[in-house]
$ cat protein_33.txt   # compact mmCIF, C-alpha atoms
# COMPACT_ATOMS: atom_id res chain seq x y z
CA MET A 1 110.44 100.30 92.56
CA SER A 2 111.49 103.11 94.84
CA ASN A 3 109.61 103.70 98.05
CA ARG A 4 108.93 107.34 97.09
CA PHE A 5 107.25 106.19 93.90
CA GLU A 6 105.04 103.77 95.85
CA TRP A 7 103.99 106.49 98.29
CA SER A 8 103.16 108.91 95.47
CA THR A 9 101.01 106.35 93.64
CA LEU A 10 99.28 105.48 96.92
CA ILE A 11 98.37 109.13 97.37
CA LEU A 12 97.05 109.37 93.80
CA ARG A 13 95.08 106.15 94.21
CA VAL A 14 93.42 107.14 97.48
CA ILE A 15 92.56 110.71 96.46
CA ALA A 16 91.21 109.67 93.04
CA GLY A 17 89.27 106.83 94.64
CA LEU A 18 87.79 109.07 97.31
CA THR A 19 86.80 111.66 94.71
CA PHE A 20 85.07 109.10 92.50
CA ALA A 21 83.33 107.34 95.38
CA ILE A 22 81.93 110.63 96.68
CA HIS A 23 80.79 111.72 93.20
CA GLY A 24 79.13 108.34 92.67
CA VAL A 25 77.31 108.46 96.01
CA ALA A 26 76.17 112.00 95.18
CA LYS A 27 74.58 110.71 91.98
CA PHE A 28 72.61 108.14 93.99
CA GLN A 29 71.60 110.80 96.55
CA MET A 30 70.30 113.23 93.93
CA GLY A 31 68.30 110.43 92.36
CA LEU A 32 69.50 108.35 89.47
CA GLU A 33 66.38 109.34 87.53
CA ASN A 34 67.52 112.97 87.68
CA VAL A 35 71.04 112.00 86.60
CA ALA A 36 69.59 109.91 83.77
CA GLY A 37 67.53 112.93 82.71
CA PHE A 38 70.65 115.09 82.64
CA PHE A 39 72.47 112.48 80.58
CA GLY A 40 69.47 112.47 78.24
CA THR A 41 69.87 116.20 77.62
CA MET A 42 73.32 115.39 76.22
CA GLY A 43 71.89 112.72 73.95
CA LEU A 44 73.11 109.80 76.06
CA PRO A 45 70.92 106.80 76.88
CA ALA A 46 69.57 106.73 80.45
CA PHE A 47 71.30 103.46 81.35
CA ILE A 48 74.69 105.21 81.03
CA ALA A 49 73.85 107.29 84.13
CA TYR A 50 73.27 104.13 86.16
CA LEU A 51 76.47 102.57 84.84
CA VAL A 52 78.54 105.67 85.58
CA ALA A 53 77.17 106.07 89.12
CA PHE A 54 77.80 102.40 89.91
CA LEU A 55 81.29 102.48 88.38
CA GLU A 56 82.21 105.64 90.28
CA VAL A 57 81.22 104.13 93.64
CA VAL A 58 82.64 100.65 93.08
CA GLY A 59 85.68 101.87 91.15
CA GLY A 60 86.39 104.57 93.71
CA ILE A 61 86.29 102.10 96.58
CA ALA A 62 88.42 99.64 94.61
CA LEU A 63 91.03 102.34 93.97
CA ILE A 64 91.14 103.24 97.66
CA LEU A 65 91.62 99.59 98.55
CA GLY A 66 94.08 98.92 95.74
CA LEU A 67 91.93 96.23 94.17
CA GLY A 68 92.19 96.06 90.38
CA THR A 69 93.82 99.48 90.24
CA ARG A 70 94.77 99.33 86.57
CA VAL A 71 91.38 97.96 85.47
CA PHE A 72 89.34 100.53 87.38
CA ALA A 73 91.71 103.35 86.39
CA GLY A 74 91.10 102.40 82.75
CA ALA A 75 87.32 102.18 83.14
CA LEU A 76 87.11 105.48 85.02
CA SER A 77 89.34 107.09 82.37
CA VAL A 78 86.63 106.33 79.82
CA VAL A 79 84.10 108.04 82.11
CA MET A 80 86.36 111.11 82.36
CA LEU A 81 86.84 111.27 78.60
CA GLY A 82 83.07 111.13 78.20
CA ALA A 83 82.58 113.89 80.78
CA ILE A 84 85.15 116.10 79.11
CA PHE A 85 84.04 115.66 75.52
CA LYS A 86 80.29 115.27 76.01
CA ALA A 87 79.52 117.60 78.92
CA LYS A 88 82.28 120.08 79.64
CA LEU A 89 84.40 120.88 76.59
CA ALA A 90 81.90 123.44 75.31
CA VAL A 91 82.11 125.56 78.48
CA GLY A 92 85.91 125.68 78.42
CA PHE A 93 88.71 124.82 80.79
CA MET A 94 87.53 127.00 83.68
CA GLY A 95 83.84 127.02 82.82
CA GLY A 96 81.65 130.01 83.49
CA GLU A 97 77.96 130.74 83.55
CA GLY A 98 77.38 127.58 81.52
CA GLY A 99 78.68 125.45 84.39
CA ALA A 100 81.91 123.96 85.62
CA GLY A 101 84.80 123.59 83.23
CA TYR A 102 86.78 120.47 82.53
CA GLU A 103 89.83 121.28 84.68
CA LEU A 104 88.90 118.82 87.46
CA ASP A 105 88.00 116.14 84.93
CA LEU A 106 91.33 116.59 83.17
CA ALA A 107 93.26 116.42 86.46
CA LEU A 108 91.40 113.23 87.44
CA LEU A 109 92.04 111.79 83.98
CA ALA A 110 95.77 112.45 84.39
CA MET A 111 95.74 110.73 87.79
CA LEU A 112 93.91 107.73 86.33
CA VAL A 113 96.25 107.44 83.35
CA SER A 114 99.22 107.54 85.71
CA LEU A 115 97.68 104.78 87.84
CA GLY A 116 96.80 102.80 84.75
CA ILE A 117 100.38 102.91 83.55
CA SER A 118 102.14 102.35 86.85
CA GLY A 119 99.65 100.58 89.07
CA SER A 120 99.99 100.98 92.82
CA SER A 121 100.94 98.26 95.26
CA LYS A 122 101.61 100.13 98.51
CA PHE A 123 98.93 99.00 101.00
CA ALA A 124 97.00 97.44 98.10
CA LEU A 125 94.65 94.49 98.48
CA ASP A 126 95.97 93.11 95.20
CA ALA A 127 99.39 92.69 96.78
CA ILE A 128 97.94 91.15 99.95
CA LEU A 129 95.34 88.85 98.37
CA PHE A 130 97.22 87.74 95.30
CA GLY A 131 100.81 88.22 96.41
CA LYS A 132 101.63 90.25 93.35
CA ARG A 133 102.88 93.72 92.74
CA SER A 134 101.12 95.91 90.21
CA VAL A 135 104.30 97.92 89.71
CA GLU A 136 107.05 96.22 87.74

$ encode --input "protein_33.txt" --output "structure tokens"
Amino acid sequence: MSNRFEWSTLILRVIAGLTFAIHGVAKFQMGLENVAGFFGTMGLPAFIAYLVAFLEVVGGIALILGLGTRVFAGALSVVMLGAIFKAKLAVGFMGGEGGAGYELDLALLAMLVSLGISGSSKFALDAILFGKRSVE
């Protein structure tokens, strides 16, 4: 694959990973009980909050490192779809007084889908540890 393509997927991988890792850590810092309570207001079981926070931290770090890029991109895509359809769709694209809109979630979803389709092997642990390229 072209070097430009590899650099662009590296950028997507690192920025998406950083964003998810920071959002996951923030959930732990605000207290997972509070996050679980918020999820409960949307009719979601409390354990989903714990799962999402853990997945955002671990998945974000894995994306940054290039470890299981396609797997974590797929799992985090499910989280983004849930955020869009369960929490943000009602307030619109840009949001308003009802809270933030789904524009960031949609942009992150697009990044994740791109990574899920293409993978990313530039400076990726997958390539180093397993000697394989995630981009064909």

$ atom_distance --input "protein_33.txt" --atom1 "atom CA of Ile11 of chain A" --atom2 "atom CA of Leu63 of chain A"
10.6 Å

$ atom_distance --input "protein_33.txt" --atom1 "atom CA of Ala107 of chain A" --atom2 "atom CA of Ile128 of chain A"
29.0 Å

$ closest_atom_pairs --input "protein_33.txt" --of "segment 62-98 of chain A" --to "segment 18-42 of chain A" --cutoff "8 Å" --atoms "all atoms listed in the file" --output "tab-separated table"
residue	atom	partner	partner_atom	distance
A:Ile64	CA	A:Leu18	CA	6.7
A:Lys86	CA	A:Met42	CA	7.0
A:Ala87	CA	A:Met42	CA	7.1

$ closest_residue --input "protein_33.txt" --among "A:Ala49, A:Ile15, A:Leu129, A:Ile117" --to "Ala73 of chain A" --atoms "all atoms listed in the file"
A:Ile117

$ residues_near_point --input "protein_33.txt" --point "(89.9, 119.7, 79.4)" --cutoff "12 Å" --atoms "all atoms listed in the file" --output "number ranges by chain"
A: 80-95, 100-110

$ residues_around --input "protein_33.txt" --residues "Ala75 of chain A" --least-positions-apart "2" --cutoff "12 Å" --atoms "only C-alpha atoms" --output "PyMOL selection string"
chain A and resi 20+51-52+54-56+58-60+62-63+68-73+77-82+109+112-113+115-116

$ write_last_selection --input "protein_33.txt" --atoms "C-alpha atoms" --output "compact mmCIF listing (two decimals), keeping the file's coordinate frame"
# COMPACT_ATOMS: atom_id res chain seq x y z
CA PHE A 20 85.07 109.10 92.50
CA LEU A 51 76.47 102.57 84.84
CA VAL A 52 78.54 105.67 85.58
CA PHE A 54 77.80 102.40 89.91
CA LEU A 55 81.29 102.48 88.38
CA GLU A 56 82.21 105.64 90.28
CA VAL A 58 82.64 100.65 93.08
CA GLY A 59 85.68 101.87 91.15
CA GLY A 60 86.39 104.57 93.71
CA ALA A 62 88.42 99.64 94.61
CA LEU A 63 91.03 102.34 93.97
CA GLY A 68 92.19 96.06 90.38
CA THR A 69 93.82 99.48 90.24
CA ARG A 70 94.77 99.33 86.57
CA VAL A 71 91.38 97.96 85.47
CA PHE A 72 89.34 100.53 87.38
CA ALA A 73 91.71 103.35 86.39
CA SER A 77 89.34 107.09 82.37
CA VAL A 78 86.63 106.33 79.82
CA VAL A 79 84.10 108.04 82.11
CA MET A 80 86.36 111.11 82.36
CA LEU A 81 86.84 111.27 78.60
CA GLY A 82 83.07 111.13 78.20
CA LEU A 109 92.04 111.79 83.98
CA LEU A 112 93.91 107.73 86.33
CA VAL A 113 96.25 107.44 83.35
CA LEU A 115 97.68 104.78 87.84
CA GLY A 116 96.80 102.80 84.75

$ closest_residue --input "protein_33.txt" --among "A:Leu76, A:Arg4, A:Gly43, A:Leu67" --to "Ala16 of chain A" --atoms "all atoms listed in the file"
A:Leu76

$ residues_around --input "protein_33.txt" --residues "Lys122 of chain A" --least-positions-apart "4" --cutoff "7 Å" --atoms "all atoms listed in the file" --output "PyMOL selection string"
chain A and resi 6-7+10

$ write_last_selection --input "protein_33.txt" --atoms "C-alpha atoms" --output "mmCIF file, in the frame of the given file"
data_model
loop_
_atom_site.group_PDB
_atom_site.id
_atom_site.type_symbol
_atom_site.label_atom_id
_atom_site.label_comp_id
_atom_site.auth_asym_id
_atom_site.auth_seq_id
_atom_site.Cartn_x
_atom_site.Cartn_y
_atom_site.Cartn_z
ATOM 1 C CA GLU A 6 105.040 103.770 95.850
ATOM 2 C CA TRP A 7 103.990 106.490 98.290
ATOM 3 C CA LEU A 10 99.280 105.480 96.920
#

$ closest_residue --input "protein_33.txt" --among "A:Met111, A:Ala124, A:Leu65, A:Val57" --to "Leu12 of chain A" --atoms "all atoms listed in the file"
A:Met111

$ closest_residue --input "protein_33.txt" --among "A:Ala127, A:Ser114, A:Asn3, A:Arg13" --to "Ile61 of chain A" --atoms "only C-alpha atoms"
A:Arg13
